[in-house]
Structures are given as C-alpha cells and as structure tokens.
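**Q** This is the structure, below, for whatever I ask next.
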Amino acid sequence: MRPTDPKELKRKKGQGGRKDARADGRVRTVVVAPILDKKSGKGARGQGLDTPERSPQARLEEAVGLALAIDLDVRESGAVPIPQPKPATLFGTGKVEELAGVVRMEDAELVIVDHPLTPVQQRNLETAWNAKVLDRTGLILEIFGDARARGKGALQVELAHLVYQKSRLVRSWTHLERQRGGFGFLGGPGETQIETDRRLLSERIVNIRKELEQVRRTRALHRKSRRRVPYPAVALVGYTNAGKSTLFNTLTGAEVLAQDILFATLDPTIRRLALPNGSKAVVSDTVGFISDLPTTLIAAFRATLEEVQQADLILHVRDIADPASASQRADVNGVLADLGIDTEAEPDRLLEVWNKADLLDPVAREHAANEAARHGAILVSAVSGFGLDLLLTEIEGRLNRRRQTLEIAVQPQEGALSNWIYENCEVISRADLGEGVTSLRIRVAPEKRDRLARVAGAARLNSAAE
Ligand SMILES: Nc1nc2c(ncn2[C@@H]2O[C@H](COP(=O)(O)OP(=O)(O)OP(=O)(O)O)[C@@H](O)[C@H]2O)c(=O)[nH]1
C-alpha cells in the first residue's frame, strides 16, 4: 500500500484520468517536505522524540505514505530545501510562487506541508495557494481521526483535534469548507461563525477533559480489578499502519471481555486472549505511533498508553514489508523510551512481531524468517495467518516464564486462603481430595509467591510440572 518512490506513485496516480476528474471523490493533494538547513538552528525535526535523522527522501516518502493511508489522491510530491525559514510563509517568496504553480497545475485542493506551521503561516499559504493547507500535526490528527473511527482513543483524538482547530480558527476559510462537511480538515465553519465556533469548541474541550478524567478513573479501577482476576496483560504497539488492529482482531476473534461489559463498551480495544496451553491473557490495542509525534499529542494519548506501561508483555508490531521498517522501529522505541519503557533493559518484556510476511517474495520471506529467529522476533501475517501459532506459543511462554506452577492442598476451614488464591493466582485445575480438602494447581507471579508463602506457609507449596 505504501509507495516506495513518490515519483512512481505520482505516475501511477496521474495515469488514466483528466486533472479535473474526481470521479472517485478523493481529495487531490500535493505533499511538500520542507528540508531546513540545520545551520539555521531550526531543524526540520519535530519535538519530543530523539529519533535518528532520516534522509529528505525518506521523510518525503513517509509523508506521502501517511497521506495515502488516509486515502488522499497524491498528485505531486517533493522535498523543498529552505535555506532560511520565513516567519510569514516558512518558504521564501519564490518558492511560494513556484508551489502555487504546481498546485494550480494539479488543481490540488489540499497541500500537506510536512513540518509544523504557525497559524499565520498556514493562513498565508492557504491564501497564496488557494488551497487548504495541513501541517504535520494536522496530518497526524487526520491519521488518528481515522484510527478514532475504528475505536482507538476516541476522546483523546477528538480533544487533540479540537485544541488544534481552536488555535487555527483565525484563518480565512476557503470555498472548500462550504462544499464539504465532516470532522476533518475539509470540515469547518464559515468566517462569520468564528466567534460562536470558538466558544463551542471551548465548551466541548472542557467537556471532553471531564469525560477523559472519568474514563481514566474507570480504566484505573478496571486495571485494578483485572489485576485481581490475575490474567497477565499484553499490549500491542507499533507504527501507524503496521497492522496492530488486524492482528488484534485475528488473535482475539470476537472475544470481548464479556464479564466486563462497562469497560468493553468504554474501550473496545481490550479483549481476552486464549493461549494454546489453556492460559489466558488480556490484550489491548493502541493508537499507532508516528515519527515526530508532537509531545502535546503524546500527552493526549496518555490514557491509552498507560495500558502499555502496565503491560506484562509488549508486542511491537512491525510492517516488515515497508522499506522504512527500520526507522519506524527506532521511532516506536523512542516513544516507548518516552513512556519510561527501556527496551534494552527488559528484553523479556518486549516481543517484536514482524507482520505482513505475505507481502514478501519467497526469498525475502526466508531471509526475514532467519533474521527474525536471530533477533528473537516472530514473523507473521495477520492476514494469511502465517506464523500465528508460533506467536501465540511464544506469548504464552514469555508470560509463563516469570510465573511458577505450584500445587497446594487447601483445608475446608481455609476459606480466606482459598479466596486469596482465586483472586491473586491463576487456578489451572482443582481436585477434590476428600473430606473437604481441595488440591489446587495454580500459576503464580513471583511478587505474589512470597505473599502466598507467608500466608499459607512455604512448606505447603509444592512445585508442579506445567
Ligand atoms: N498484506 C497484509 N496486509 C496487512 C497485514 N496486516 C495488516 N494489513 C493491512 O495493513 C493496513 C493497516 O492495518 P491496521 O491493522 O489498520 O494497522 P494499525 O497498525 O492498527 O494502524 P493504525 O491504527 O494507523 O496504527 C490495513 O490495510 C490492513 O489490511 C498483513 O499481514 N498482510
């Protein structure tokens, strides 16, 4: 799906249609990746992430890939060097005019500038190009908006979107708003509406913040109760478009946490996962990561990402068929580091899942399988099902590696002990030994084992085979 060569892409997109034809209803778009001269002191890097430098070409490809991911019709794309950023328009006057020509020629409705723009710059460029302009943050919000429609972090996305929109309500709206409705960049108020809209936005922002606080509290409560039902937690993370949701759905089927209706409704991205040898886990899907994720957006997604911080096992889903897979990996690890998760220090807690194996040719797939084995990763295809058995076995193995299987005989008068065990350990099986005595085979985490030894007496705990 992602282009490897924007020129190639441009050719493909350009084929077979007149410029003014918009039969498929997709938005004609030009993508510009400004390359700032680092000596100017304002590099093109975003805030918040310590990621390795990408080449201008790679940056452009990524921006085009993101535009395609939200189904824009990318007509033209290019990297544009900027020796000296201009406060009013970012680009110099000559460049602004040159790009206006490109926009006109392609009859583009939207220009994506893969760089942060001030509201003033955005407005001036919109006037100069007579097209809608979306900057890096705006583009990321559209991607998240897309994820939002699929139930990921809905409130957080809306909040981030509104805050961004509010800061940009000064612009002169082009004819496009009047033609199209909707939540995204092509939806918005008319000029006379600005004051009303600003007030409505502020109200909605306040309300969402309240709702989010409530969701957060509920999540925290549910995490607590989930910990009492002692299923280990698995979190899926990965670059946007890596295939997290597809894998999530394939792995879990439609198995929603039924006994947890409220939570399941509030957050459809947490489900139960049945593992091959009978153990169970809960698995959560998260919003995709993107390079140069502005720190404000990271903050907006904290509630979702808390699931990741609490997880016993983090599955890092990678699109192994994407040429940018390695730099995406570095970006994701950067976000994990921002969340305080040290991937080097806790190798057991992180498992890389190399997805989209079906897109590789047989030779590349064999090579990837060898590399995966060498790096302790699992090669899969969420679509074809390739490698999923192995993945589930590995998940179970990793989760159980830390946990010990024990047997304990519980006397009839030990109701409190029995309750504690059911609340804190996974009971694999039970056998009636007669006279009210029950033998429990349990799986217990190291931190719970010490407590159990104290409560029950260490001598009564017998190690058991899996
Ligand atoms: N060929 C192939 N396509 C896949 C595979 N897994 C996912 N996809 C496709 O990749 C695209 C992105 O998949 P998603 O599951 O939405 O990706 P995601 O990581 O959840 O994306 P975000 O929500 O943006 O973070 C979809 O078009 C999927 O159909 C796979 O194993 N093989």
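Ordering of the structure tokens sets the chain letters (A, B, ...), residue numbers begin anew at 1 in every chain, and ligands are numbered from 1 in the order given.
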Once you count only C-alpha atoms and all ligand atoms, what closest atom pair and distance in Å to one decimal does each residue of chain A within 6 Å of ligand 1 have, with rows by chain and rising residue number, as a Markdown table?
**A**
| residue | atom | partner | partner_atom_place_in_ligand_line | distance |
| --- | --- | --- | --- | --- |
| A:Ala147 | CA | ligand 1 | 23 (O) | 4.7 |
| A:Tyr239 | CA | ligand 1 | 25 (O) | 6.0 |
| A:Thr240 | CA | ligand 1 | 25 (O) | 3.4 |
| A:Asn241 | CA | ligand 1 | 21 (O) | 3.5 |
| A:Ala242 | CA | ligand 1 | 19 (O) | 3.9 |
| A:Gly243 | CA | ligand 1 | 17 (O) | 3.3 |
| A:Lys244 | CA | ligand 1 | 19 (O) | 3.8 |
| A:Ser245 | CA | ligand 1 | 15 (O) | 3.7 |
| A:Thr246 | CA | ligand 1 | 15 (O) | 3.7 |
| A:Val287 | CA | ligand 1 | 25 (O) | 5.1 |
| A:Gly288 | CA | ligand 1 | 25 (O) | 3.1 |
| A:Asn355 | CA | ligand 1 | 31 (O) | 5.2 |
| A:Lys356 | CA | ligand 1 | 31 (O) | 3.4 |
| A:Asp358 | CA | ligand 1 | 32 (N) | 5.6 |
| A:Leu359 | CA | ligand 1 | 1 (N) | 5.4 |
| A:Ser381 | CA | ligand 1 | 31 (O) | 3.5 |
| A:Ala382 | CA | ligand 1 | 31 (O) | 3.8 |
| A:Val383 | CA | ligand 1 | 31 (O) | 4.3 |
**Q** Show which residues sit within 6 Å of segment 75-88 of chain A, as a list in words. Count only C-alpha atoms, and ignore same-chain residues fewer than 6 positions away.
**A**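 Close residues of segment 75-88 of chain A: Lys10, Thr29, Val30, Val31, Val32, Ala33, Pro34, Ile35, Leu36, Asp37 and Gln121 of chain A.
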**Q** Could you please determine the separation between atom CA of Leu391 of chain A and atom CA of Asn424 of chain A in Å, to one decimal place?
**A**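 Value for the atom CA of Leu391 of chain A-atom CA of Asn424 of chain A distance: 26.3 Å.
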**Q** Given the choices A:Glu396, A:Asp107, A:Asp135, A:Asp432, which gets closest to Ala63 of chain A if the distance is worked out from only C-alpha atoms?
**A** A:Asp135
**Q** Which residue is closest to Val234 of chain A? Choose from A:Ala458, A:Ala108, A:Ile314, A:Ala431 and count only C-alpha atoms.
**A**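 For Val234 of chain A, the nearest of the candidates is A:Ile314.
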**Q** Could you check which of A:Leu360, A:Leu273, A:Ile395, A:Val353 is closest to His375 of chain A, using only C-alpha atoms?
**A**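 Smallest distance to His375 of chain A is found for A:Val353.
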**Q** Looking at A:Ala160, A:Val27, A:Ser55, A:Gly94, which one is nearest to Glu109 of chain A, with distances taken over only C-alpha atoms?
**A**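 When distances to Glu109 of chain A are compared using only C-alpha atoms, the smallest one comes from A:Val27.
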**Q** Could you tell me which of A:Glu62, A:Asp361, A:Asp73, A:Asp348 comes closest to Arg28 of chain A if we count only C-alpha atoms?
**A** A:Asp73
**Q** Using atom CA of Arg365 of chain A and atom CA of Asp389 of chain A as the two end points, give the distance in Å to one decimal.
**A** 17.3 Å
**Q** Which distance in Å separates atom CA of Glu426 of chain A and atom CA of Ile442 of chain A, to one decimal?
**A** 5.5 Å
